[in-house]
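Structure file query-v5.txt (compact mmCIF, C-alpha atoms and all ligand atoms) is printed below.
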```txt
# COMPACT_ATOMS: atom_id res chain seq x y z
CA MET H 441 -36.25 34.65 -17.03
CA LYS H 442 -34.65 31.44 -15.76
CA VAL H 443 -31.20 30.67 -17.09
CA ALA H 444 -28.73 27.82 -16.56
CA VAL H 445 -24.97 27.57 -17.05
CA ILE H 446 -23.52 24.28 -18.28
CA GLY H 447 -19.81 24.34 -17.40
CA GLY H 448 -20.48 26.72 -14.50
CA THR H 449 -17.40 25.49 -12.62
CA GLY H 450 -15.03 26.74 -15.35
CA TYR H 451 -13.66 30.25 -15.81
CA GLY H 452 -16.13 31.26 -18.53
CA GLY H 453 -18.97 29.79 -16.47
CA VAL H 454 -18.05 31.51 -13.21
CA GLU H 455 -17.73 34.81 -15.08
CA LEU H 456 -21.29 34.29 -16.37
CA ILE H 457 -22.38 33.65 -12.79
CA ARG H 458 -20.71 36.90 -11.62
CA LEU H 459 -22.38 38.99 -14.32
CA LEU H 460 -25.78 37.30 -13.93
CA ALA H 461 -25.76 38.27 -10.25
CA HIS H 462 -26.07 41.92 -11.43
CA HIS H 463 -28.75 41.21 -14.04
CA PRO H 464 -32.25 42.45 -13.22
CA HIS H 465 -34.17 40.25 -15.72
CA ALA H 466 -32.30 36.92 -15.64
CA GLU H 467 -32.24 34.53 -12.71
CA LEU H 468 -29.51 31.90 -12.48
CA SER H 469 -31.38 28.77 -11.51
CA ALA H 470 -28.99 25.91 -12.34
CA VAL H 471 -25.23 25.35 -12.51
CA LEU H 472 -24.01 22.17 -14.19
CA SER H 473 -20.62 20.58 -14.59
CA HIS H 474 -18.97 17.38 -15.67
CA THR H 475 -17.15 16.08 -12.59
CA GLN H 476 -18.35 18.20 -9.65
CA SER H 477 -22.05 17.40 -9.35
CA GLY H 478 -23.38 17.23 -5.81
CA LYS H 479 -20.97 19.88 -4.51
CA ASP H 480 -22.09 23.30 -3.35
CA LEU H 481 -20.82 25.90 -5.80
CA VAL H 482 -19.13 27.72 -2.88
CA GLU H 483 -16.93 24.64 -2.31
CA VAL H 484 -15.58 25.14 -5.82
CA TYR H 485 -15.59 28.97 -5.62
CA PRO H 486 -15.54 30.21 -1.99
CA HIS H 487 -15.63 33.85 -3.16
CA LEU H 488 -19.34 33.32 -3.92
CA THR H 489 -20.13 32.52 -0.25
CA GLY H 490 -23.34 34.23 0.86
CA ILE H 491 -23.94 35.61 -2.65
CA VAL H 492 -24.70 32.68 -4.96
CA GLU H 493 -26.15 29.62 -3.27
CA GLN H 494 -26.34 26.78 -5.81
CA THR H 495 -25.65 23.07 -5.85
CA VAL H 496 -23.75 21.85 -8.91
CA HIS H 497 -25.72 19.33 -10.96
CA ALA H 498 -24.96 16.80 -13.68
CA LEU H 499 -26.59 17.42 -17.04
CA ASP H 500 -30.16 16.20 -17.50
CA VAL H 501 -31.42 17.66 -20.76
CA GLU H 502 -35.12 16.85 -20.10
CA GLN H 503 -35.14 18.52 -16.71
CA LEU H 504 -33.12 21.51 -17.90
CA ALA H 505 -35.47 22.10 -20.82
CA GLU H 506 -38.56 21.87 -18.62
CA THR H 507 -37.45 24.53 -16.19
CA HIS H 508 -35.35 27.02 -18.19
CA ASP H 509 -35.82 29.65 -20.87
CA LEU H 510 -32.21 30.06 -21.93
CA VAL H 511 -29.05 28.00 -21.41
CA PHE H 512 -25.42 29.12 -21.61
CA LEU H 513 -22.93 26.43 -22.59
CA ALA H 514 -19.40 27.13 -21.33
CA THR H 515 -17.93 23.71 -22.05
CA PRO H 516 -14.70 22.61 -23.73
CA SER H 517 -14.56 22.35 -27.48
CA GLY H 518 -16.51 19.39 -28.88
CA VAL H 519 -19.03 19.08 -26.02
CA SER H 520 -21.78 21.53 -26.99
CA LYS H 521 -22.13 20.18 -30.54
CA ASP H 522 -24.02 17.19 -29.07
CA ILE H 523 -25.86 18.95 -26.22
CA LEU H 524 -27.06 22.20 -27.82
CA PRO H 525 -29.19 20.60 -30.58
CA GLN H 526 -31.09 18.56 -27.95
CA LEU H 527 -31.96 21.75 -26.07
CA VAL H 528 -32.82 23.74 -29.19
CA GLU H 529 -35.14 20.95 -30.34
CA LYS H 530 -37.04 21.37 -27.09
CA GLY H 531 -37.48 25.08 -27.81
CA ILE H 532 -34.78 26.36 -25.46
CA ARG H 533 -32.66 29.30 -26.58
CA CYS H 534 -28.93 28.71 -26.20
CA ILE H 535 -25.71 30.71 -26.20
CA ASP H 536 -22.60 28.63 -26.78
CA LEU H 537 -19.26 30.04 -25.62
CA ALA H 538 -17.27 27.32 -27.39
CA GLY H 539 -16.30 27.17 -31.06
CA ASP H 540 -18.57 24.23 -32.00
CA PHE H 541 -20.99 26.29 -34.12
CA ARG H 542 -18.82 29.23 -35.24
CA LEU H 543 -17.56 27.86 -38.55
CA LYS H 544 -19.90 27.38 -41.51
CA ASP H 545 -17.72 24.86 -43.36
CA PRO H 546 -17.91 21.49 -41.53
CA GLN H 547 -14.67 20.32 -43.15
CA LEU H 548 -12.72 22.89 -41.15
CA TYR H 549 -13.45 21.17 -37.81
CA PRO H 550 -11.20 18.10 -38.12
CA GLN H 551 -8.33 20.31 -39.32
CA TRP H 552 -8.56 23.18 -36.81
CA TYR H 553 -10.44 21.71 -33.81
CA HIS H 554 -9.41 18.06 -34.17
CA HIS H 555 -12.94 16.79 -33.71
CA GLU H 556 -15.97 16.06 -35.87
CA PRO H 557 -18.29 18.95 -36.72
CA ALA H 558 -21.78 19.57 -35.41
CA SER H 559 -24.55 18.69 -37.84
CA ASP H 560 -24.45 20.79 -40.97
CA ALA H 561 -28.00 22.05 -40.45
CA TYR H 562 -26.98 23.50 -37.08
CA LEU H 563 -23.77 25.02 -38.42
CA GLN H 564 -25.79 26.82 -41.10
CA LYS H 565 -28.48 27.93 -38.64
CA ALA H 566 -26.03 29.29 -36.02
CA VAL H 567 -25.84 33.06 -35.66
CA TYR H 568 -22.36 34.43 -34.97
CA GLY H 569 -22.65 36.55 -31.85
CA LEU H 570 -20.33 39.46 -32.54
CA SER H 571 -22.85 41.82 -30.97
CA GLU H 572 -21.90 45.12 -32.62
CA ILE H 573 -21.81 43.65 -36.13
CA TYR H 574 -24.64 41.07 -36.21
CA ARG H 575 -27.18 42.71 -33.88
CA GLU H 576 -30.18 42.20 -36.19
CA GLU H 577 -29.50 38.50 -36.76
CA ILE H 578 -28.84 37.97 -33.02
CA ALA H 579 -32.21 39.53 -32.14
CA GLN H 580 -33.98 36.83 -34.20
CA ALA H 581 -31.75 33.87 -33.26
CA GLN H 582 -32.73 30.65 -31.53
CA PHE H 583 -29.09 29.98 -30.66
CA ILE H 584 -25.83 31.89 -30.78
CA ALA H 585 -22.26 30.87 -31.50
CA ASN H 586 -20.49 33.34 -29.21
CA PRO H 587 -17.22 34.51 -30.81
CA GLY H 588 -13.79 33.40 -29.64
CA CYS H 589 -11.80 35.76 -27.43
CA TYR H 590 -9.08 36.62 -29.97
CA PRO H 591 -11.59 36.97 -32.85
CA THR H 592 -13.64 39.47 -30.82
CA ALA H 593 -10.65 41.77 -30.29
CA ALA H 594 -9.28 41.32 -33.82
CA LEU H 595 -12.57 41.68 -35.70
CA LEU H 596 -13.79 44.76 -33.83
CA GLY H 597 -10.45 46.38 -34.65
CA LEU H 598 -10.39 45.40 -38.34
CA ILE H 599 -13.99 45.50 -39.59
CA PRO H 600 -14.55 49.29 -39.86
CA ILE H 601 -11.49 49.88 -42.05
CA LEU H 602 -12.07 46.73 -44.11
CA LYS H 603 -15.72 47.68 -44.72
CA ALA H 604 -14.65 51.18 -45.76
CA GLY H 605 -12.37 49.62 -48.41
CA TRP H 606 -9.37 51.66 -47.22
CA ILE H 607 -6.95 48.71 -46.80
CA ASP H 608 -5.48 45.93 -48.89
CA PRO H 609 -7.24 42.90 -47.28
CA HIS H 610 -4.38 40.58 -48.27
CA THR H 611 -1.94 42.26 -45.90
CA VAL H 612 -3.51 41.64 -42.48
CA ILE H 613 -1.08 40.66 -39.70
CA ILE H 614 -2.45 40.06 -36.21
CA ASP H 615 0.04 39.88 -33.35
CA ALA H 616 -2.06 38.64 -30.43
CA LYS H 617 -1.34 38.21 -26.73
CA SER H 618 -3.46 36.64 -24.03
CA GLY H 619 -3.46 36.19 -20.28
CA VAL H 620 -3.45 32.65 -18.95
CA SER H 621 -7.15 32.47 -17.96
CA GLY H 622 -7.82 32.24 -21.72
CA ALA H 623 -6.80 28.60 -21.45
CA GLY H 624 -9.49 27.83 -18.85
CA ARG H 625 -9.29 26.42 -15.30
CA LYS H 626 -8.30 22.87 -16.17
CA GLN H 627 -4.71 22.07 -15.29
CA SER H 628 -2.10 21.79 -18.01
CA LEU H 629 1.66 21.93 -18.38
CA ALA H 630 1.44 24.98 -20.68
CA THR H 631 -0.32 27.04 -18.01
CA HIS H 632 1.69 25.78 -15.03
CA PHE H 633 3.05 28.71 -12.93
CA SER H 634 6.72 28.05 -13.59
CA GLU H 635 6.08 27.68 -17.31
CA THR H 636 4.26 31.02 -17.61
CA ASN H 637 5.74 33.25 -14.89
CA GLU H 638 8.45 35.62 -16.21
CA ASN H 639 8.00 34.06 -19.61
CA LEU H 640 6.60 35.11 -22.98
CA LYS H 641 5.72 32.27 -25.32
CA VAL H 642 4.41 32.02 -28.84
CA TYR H 643 2.03 29.10 -29.30
CA LYS H 644 -0.15 27.45 -31.99
CA LEU H 645 1.60 29.54 -34.65
CA GLY H 646 -0.16 28.95 -37.97
CA VAL H 647 -2.45 26.29 -36.49
CA HIS H 648 -4.61 28.31 -34.09
CA GLN H 649 -8.32 27.41 -34.27
CA HIS H 650 -9.26 31.10 -34.43
CA ILE H 651 -7.60 31.55 -37.86
CA PRO H 652 -10.57 30.13 -39.85
CA GLU H 653 -13.03 32.00 -37.63
CA ILE H 654 -11.40 35.39 -38.25
CA GLU H 655 -10.94 34.63 -41.97
CA GLN H 656 -14.59 33.56 -42.33
CA ILE H 657 -15.90 36.84 -40.91
CA LEU H 658 -13.38 39.10 -42.67
CA SER H 659 -14.14 37.37 -45.98
CA ASN H 660 -17.84 37.82 -45.37
CA VAL H 661 -17.51 41.50 -44.45
CA GLY H 662 -14.89 42.26 -47.13
CA GLN H 663 -16.78 40.28 -49.81
CA GLN H 664 -13.61 38.56 -50.98
CA GLU H 665 -11.41 35.80 -49.62
CA VAL H 666 -9.18 37.14 -46.83
CA LYS H 667 -6.21 35.22 -45.37
CA ILE H 668 -4.43 36.43 -42.26
CA THR H 669 -1.12 35.98 -40.51
CA PHE H 670 -1.95 35.28 -36.86
CA ALA H 671 0.57 34.85 -34.05
CA THR H 672 -0.66 34.09 -30.53
CA HIS H 673 1.41 34.64 -27.39
CA LEU H 674 0.87 33.68 -23.76
CA VAL H 675 1.62 36.53 -21.34
CA PRO H 676 2.21 36.10 -17.59
CA MET H 677 -0.96 37.86 -16.48
CA THR H 678 -4.37 36.48 -15.57
CA ARG H 679 -6.82 38.35 -17.79
CA GLY H 680 -6.62 40.40 -20.94
CA ILE H 681 -6.02 40.22 -24.66
CA MET H 682 -4.17 42.69 -26.85
CA CYS H 683 -4.19 42.39 -30.63
CA THR H 684 -1.67 44.63 -32.37
CA MET H 685 -2.58 44.55 -36.05
CA TYR H 686 -0.78 45.77 -39.15
CA VAL H 687 -2.44 46.41 -42.54
CA GLN H 688 -1.40 48.21 -45.71
CA LEU H 689 -3.53 51.29 -46.42
CA ASN H 690 -4.50 51.70 -50.04
CA GLU H 691 -5.52 55.33 -49.67
CA GLY H 692 -3.62 58.22 -48.17
CA LYS H 693 -5.86 58.71 -45.16
CA THR H 694 -4.59 60.55 -42.10
CA THR H 695 -4.79 59.09 -38.61
CA LYS H 696 -7.46 61.68 -37.82
CA GLU H 697 -9.64 60.57 -40.75
CA ILE H 698 -9.26 56.94 -39.68
CA ILE H 699 -10.16 57.71 -36.06
CA ASP H 700 -13.20 59.68 -37.29
CA LEU H 701 -14.26 56.66 -39.36
CA TYR H 702 -14.11 54.41 -36.27
CA HIS H 703 -16.03 56.94 -34.16
CA SER H 704 -18.83 57.06 -36.67
CA PHE H 705 -18.82 53.26 -37.21
CA TYR H 706 -19.23 52.62 -33.48
CA GLU H 707 -21.26 55.71 -32.56
CA ARG H 708 -24.23 53.63 -31.26
CA ASP H 709 -22.05 51.07 -29.47
CA ALA H 710 -21.67 51.52 -25.73
CA PHE H 711 -18.89 48.95 -25.39
CA VAL H 712 -16.44 50.07 -28.07
CA ARG H 713 -14.22 53.02 -27.15
CA ILE H 714 -11.83 54.68 -29.56
CA ARG H 715 -8.68 56.33 -28.18
CA PRO H 716 -7.65 59.80 -29.41
CA GLU H 717 -4.62 60.18 -31.69
CA GLY H 718 -1.37 59.23 -29.94
CA VAL H 719 -3.07 57.34 -27.11
CA TRP H 720 -2.95 53.53 -26.97
CA PRO H 721 -5.22 51.25 -24.93
CA ALA H 722 -3.85 48.82 -22.33
CA THR H 723 -5.43 45.60 -21.08
CA LYS H 724 -5.83 46.94 -17.56
CA GLU H 725 -8.09 49.70 -18.90
CA VAL H 726 -10.77 47.10 -19.71
CA TYR H 727 -10.08 44.59 -16.89
CA GLY H 728 -13.30 43.00 -15.59
CA SER H 729 -15.45 45.01 -18.04
CA ASN H 730 -17.24 44.45 -21.34
CA TYR H 731 -15.31 47.17 -23.20
CA CYS H 732 -13.25 46.76 -26.32
CA ASP H 733 -10.83 49.70 -26.57
CA ILE H 734 -9.13 50.55 -29.85
CA GLY H 735 -6.18 52.79 -30.76
CA LEU H 736 -5.12 53.64 -34.32
CA ALA H 737 -2.19 55.24 -36.15
CA HIS H 738 -1.19 55.57 -39.78
CA ASP H 739 2.56 55.05 -40.01
CA GLN H 740 3.21 57.57 -42.81
CA ARG H 741 6.71 56.18 -43.52
CA THR H 742 5.49 52.68 -44.43
CA GLY H 743 1.87 53.37 -45.43
CA ARG H 744 0.77 50.84 -42.83
CA LEU H 745 -2.06 51.24 -40.37
CA VAL H 746 -1.41 50.00 -36.84
CA ILE H 747 -4.53 49.00 -34.88
CA VAL H 748 -4.37 48.06 -31.20
CA SER H 749 -7.46 46.39 -29.73
CA VAL H 750 -7.82 45.23 -26.12
CA ILE H 751 -10.50 43.26 -24.28
CA ASP H 752 -10.89 41.22 -21.13
CA ASN H 753 -10.94 37.68 -22.57
CA LEU H 754 -13.45 36.47 -19.97
CA VAL H 755 -15.84 39.42 -20.37
CA LYS H 756 -16.10 40.90 -23.89
CA GLY H 757 -14.20 37.79 -25.08
CA ALA H 758 -16.67 35.34 -23.50
CA ALA H 759 -19.26 35.82 -20.70
CA GLY H 760 -19.88 39.57 -21.12
CA GLN H 761 -20.55 39.33 -24.83
CA ALA H 762 -22.77 36.29 -24.13
CA ILE H 763 -24.87 38.42 -21.72
CA GLN H 764 -24.90 41.26 -24.28
CA ASN H 765 -26.29 38.74 -26.80
CA MET H 766 -28.90 37.51 -24.32
CA ASN H 767 -29.99 41.16 -23.91
CA ILE H 768 -30.27 41.61 -27.68
CA MET H 769 -32.22 38.33 -28.06
CA ASN H 770 -34.72 39.57 -25.47
CA ASN H 771 -34.96 43.13 -26.71
CA TRP H 772 -33.57 44.40 -23.40
CA ASP H 773 -31.20 47.34 -23.26
CA GLU H 774 -27.94 45.87 -24.56
CA THR H 775 -25.95 47.12 -21.55
CA THR H 776 -28.24 45.53 -18.92
CA GLY H 777 -26.18 43.89 -16.20
CA LEU H 778 -22.95 44.95 -17.90
CA ASN H 779 -22.49 48.45 -16.52
CA VAL H 780 -19.44 47.53 -14.49
CA LEU H 781 -16.40 49.81 -14.45
CA PRO H 782 -13.04 48.28 -15.34
CA VAL H 783 -11.08 47.30 -12.22
CA TYR H 784 -8.06 49.62 -11.95
CA PRO H 785 -5.27 49.26 -11.04
N1 LIG J 801 -11.36 31.15 -21.01
C1 LIG J 801 -11.62 32.08 -21.95
O1 LIG J 801 -11.09 33.21 -21.90
C2 LIG J 801 -12.56 31.78 -23.06
C3 LIG J 801 -13.14 30.54 -23.23
N2 LIG J 801 -13.96 30.31 -24.31
C4 LIG J 801 -14.55 29.00 -24.53
O2 LIG J 801 -15.50 28.75 -23.50
C5 LIG J 801 -15.52 27.35 -23.20
C6 LIG J 801 -15.24 27.18 -21.70
O3 LIG J 801 -13.93 27.65 -21.44
P1 LIG J 801 -13.33 27.80 -19.98
O4 LIG J 801 -14.40 28.24 -19.05
O5 LIG J 801 -12.13 28.62 -20.13
O6 LIG J 801 -12.95 26.28 -19.65
P2 LIG J 801 -12.72 25.58 -18.23
O7 LIG J 801 -11.81 24.44 -18.48
O8 LIG J 801 -12.36 26.59 -17.22
O9 LIG J 801 -14.18 25.01 -17.86
C7 LIG J 801 -14.83 24.01 -18.58
C8 LIG J 801 -16.16 23.69 -17.90
O10 LIG J 801 -16.86 22.71 -18.68
C9 LIG J 801 -17.23 21.61 -17.84
N3 LIG J 801 -17.24 20.40 -18.67
C10 LIG J 801 -16.19 19.72 -19.18
N4 LIG J 801 -16.60 18.66 -19.91
C11 LIG J 801 -17.97 18.66 -19.82
C12 LIG J 801 -18.99 17.80 -20.32
N5 LIG J 801 -18.69 16.76 -21.07
N6 LIG J 801 -20.28 18.09 -20.01
C13 LIG J 801 -20.59 19.16 -19.24
N7 LIG J 801 -19.67 20.02 -18.73
C14 LIG J 801 -18.38 19.76 -19.03
C15 LIG J 801 -16.19 21.61 -16.75
O11 LIG J 801 -16.72 20.91 -15.65
P3 LIG J 801 -15.76 20.26 -14.50
O12 LIG J 801 -15.35 21.39 -13.60
O13 LIG J 801 -16.64 19.29 -13.83
O14 LIG J 801 -14.60 19.63 -15.23
C16 LIG J 801 -16.05 23.10 -16.51
O15 LIG J 801 -17.14 23.56 -15.75
C17 LIG J 801 -14.45 26.69 -24.07
O16 LIG J 801 -15.05 26.15 -25.20
C18 LIG J 801 -13.53 27.85 -24.43
O17 LIG J 801 -12.88 27.64 -25.61
C19 LIG J 801 -14.29 31.28 -25.19
C20 LIG J 801 -13.77 32.54 -25.06
C21 LIG J 801 -12.83 32.87 -23.99
C1 LIG J 802 -4.42 31.48 -23.63
C2 LIG J 802 -5.14 30.40 -24.38
O1 LIG J 802 -4.72 29.25 -24.41
N1 LIG J 802 -6.23 30.76 -25.02
C3 LIG J 802 -7.00 29.82 -25.77
C4 LIG J 802 -8.29 30.47 -26.13
C5 LIG J 802 -9.23 29.40 -26.55
C6 LIG J 802 -10.61 29.77 -26.68
O2 LIG J 802 -11.21 30.25 -25.76
O3 LIG J 802 -11.05 29.55 -27.86
P1 LIG J 802 -12.22 28.59 -28.39
O4 LIG J 802 -13.45 29.03 -27.69
O5 LIG J 802 -12.22 28.86 -29.81
O6 LIG J 802 -11.83 27.17 -28.08
C7 LIG J 802 -6.28 29.39 -27.05
O7 LIG J 802 -5.47 30.14 -27.57
O8 LIG J 802 -6.58 28.29 -27.56
```
Translate this structure into structure tokens?
Ligand SMILES: NC(=O)C1=CN([C@@H]2O[C@H](COP(=O)(O)OP(=O)(O)OC[C@H]3O[C@@H](n4cnc5c(N)ncnc54)[C@H](OP(=O)(O)O)[C@@H]3O)[C@@H](O)[C@H]2O)C=CC1
Ligand SMILES: CC(=O)N[C@@H](CCC(=O)OP(=O)(O)O)C(=O)O
Amino acid sequence: MKVAVIGGTGYGGVELIRLLAHHPHAELSAVLSHTQSGKDLVEVYPHLTGIVEQTVHALDVEQLAETHDLVFLATPSGVSKDILPQLVEKGIRCIDLAGDFRLKDPQLYPQWYHHEPASDAYLQKAVYGLSEIYREEIAQAQFIANPGCYPTAALLGLIPILKAGWIDPHTVIIDAKSGVSGAGRKQSLATHFSETNENLKVYKLGVHQHIPEIEQILSNVGQQEVKITFATHLVPMTRGIMCTMYVQLNEGKTTKEIIDLYHSFYERDAFVRIRPEGVWPATKEVYGSNYCDIGLAHDQRTGRLVIVSVIDNLVKGAAGQAIQNMNIMNNWDETTGLNVLPVYP
């Protein structure tokens, strides 16, 4: 199957290119960008020398649609909302790594993303690509809104206990931390070396664009309106997200019962690993891989459950989950091309 990556010169795009190189059924046949057309991809990314030989092209929707079966869009927020519908109308399946189609309510876009929404018909038609939770819908989808990096870690950690009805859904606090690659390759003051090195910063507190995304899915799963407290931090490391989450338990479950619940919830899911009691996951334990690792403990003194969920933001939080969704859409084994061990140390 021929696939293309729009935004292939960015971090999400180059991670797609890395994973596609291991994929037996998908062939990368075009890489597109905004400002770098005409260059060889190896000029932009010399580590691909002798492995991926591609010239970077500018977007030509007609040509792309004629020669490709599926297109990944790894473009900044607000770009895919205009491009994806043109491709879908030509019968091309698409997977969008940006947030342009994740929210169902168009009115949320000006407030949280500071741009106009995609057309309402497309917002309603989009399938949210949280692979483990929406597998059946993904299998039938024409296009996928791939989840945000923080929402992937937070939702996989929260959904089993919320669905079981064991927590008070009005008490969710998500303390989230990300490596700097989460902000993409483009230069910015916030991600400048001397601003991030030996520093720990809170950012977008109360205004982060992933708040409505997480609330939309939790409300849907919990069948009542859920509001969260969400605090994002930038950590001086390249890859990785950790969400440490606190929720009030409404039943006296032990840590063992909660861990058993998570094991049975994710028993068919190759990419979600639950730590035993007393063991907590670390970002390095999923580095470069598509795993989401989760640790749990009931703090008996306060009645609160602590959930720790880690992912690699560029893999399970972006390109890896996008490939997982491509596999589901094509009825291929979900792990195809994703059987890479975490890089450790
Ligand atoms: N980084 C991460 O961990 C995650 C990112 N995402 C989302 O994925 C998307 C890509 O992020 P990321 O890779 O980090 O971003 P980068 O800034 O690293 O890359 C953006 C890419 O988009 C291209 N681009 C920019 N504008 C246009 C345009 N108008 N038309 C076509 N291509 C364009 C850029 O091309 P050029 O090089 O020419 O400028 C570049 O290839 C974003 O929406 C982001 O929110 C989602 C989950 C995690
Ligand atoms: C560290 C860092 O800056 N991370 C980004 C992640 C953005 C992202 O990938 O989200 P969307 O796809 O929803 O735009 C942020 O917090 O905004």
Taking into account all atoms listed in the file, which residue in the set H:Leu595, H:Leu472, H:Leu689, H:Leu563 is nearest to H:His738? H:Leu689
Who sits within 9 Å of stretch 515-530 of chain H, only C-alpha atoms, same chain under 3 positions skipped, as an NGL selection string: :H and (446-448 or 450 or 452-453 or 473 or 501-502 or 504-506 or 511 or 533-541 or 553-559 or 562 or 582-583 or 624)
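Across H:Leu513, H:Cys589, H:Val687, H:Leu745, the tightest approach to H:Gly619 is made by H:Cys589 when counting all atoms listed in the file.
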Work out how far apart atom O16 of ligand LIG 801 (chain J) and atom CA of H:Asp509 are and give it in Å to one decimal. 21.5 Å
So that I can see what lies close to H:Glu774, please list as a ChimeraX atom specification the residues with an atom at most 6 Å from it, counting only C-alpha atoms and leaving out residues fewer than 4 positions away in the same chain. /H:764,767-768
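For the residues H:Thr507, H:Asn586, H:Gln547, H:Thr669, ranking by smallest atom-to-atom distance to ligand LIG 801 (chain J) using all atoms listed in the file places H:Asn586 first.
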Who sits within 7 Å of H:Asn730, all atoms listed in the file, same chain under 2 positions skipped, as a count of residues only: 6
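Relative to atom CA of H:Ile578, atom CA of H:Ala444 is found at 19.3 Å.
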May I have the centre and edge lengths, in Å to one decimal, of an axis-aligned box around the listed atoms of ligand LIG 802 (chain J) with 8 Å added to every side, as lines of an AutoDock Vina configuration file?
```
center_x = -8.9
center_y = 29.3
center_z = -26.7
size_x = 25.0
size_y = 20.3
size_z = 22.2
```
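In this structure, atom CA of H:Leu602 sits 14.1 Å away from atom CA of H:Tyr706.
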Using only C-alpha atoms, can you tell me which of H:Gln664, H:Ser571, H:Thr742, H:Asn637 comes closest to H:Thr592? H:Ser571
Contacts to ligand LIG 802 (chain J) at 10 Å cut-off (all atoms listed in the file) as an MDAnalysis selection string: chainID H and resid 452 514:518 536:540 542 552:553 585:591 616:624 630:631 643:644 648:651 653 672:675 678:681 753:754 757:758
Nearest to H:His508, chosen from H:Val496, H:Val484, H:Leu629, H:Leu468, with all atoms listed in the file counted in the distances: H:Leu468
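Closest approach to H:Ile747 from the set H:Ile657, H:Ala710, H:Val642, H:Ile599 is made by H:Ile599, with distances taken over all atoms listed in the file.
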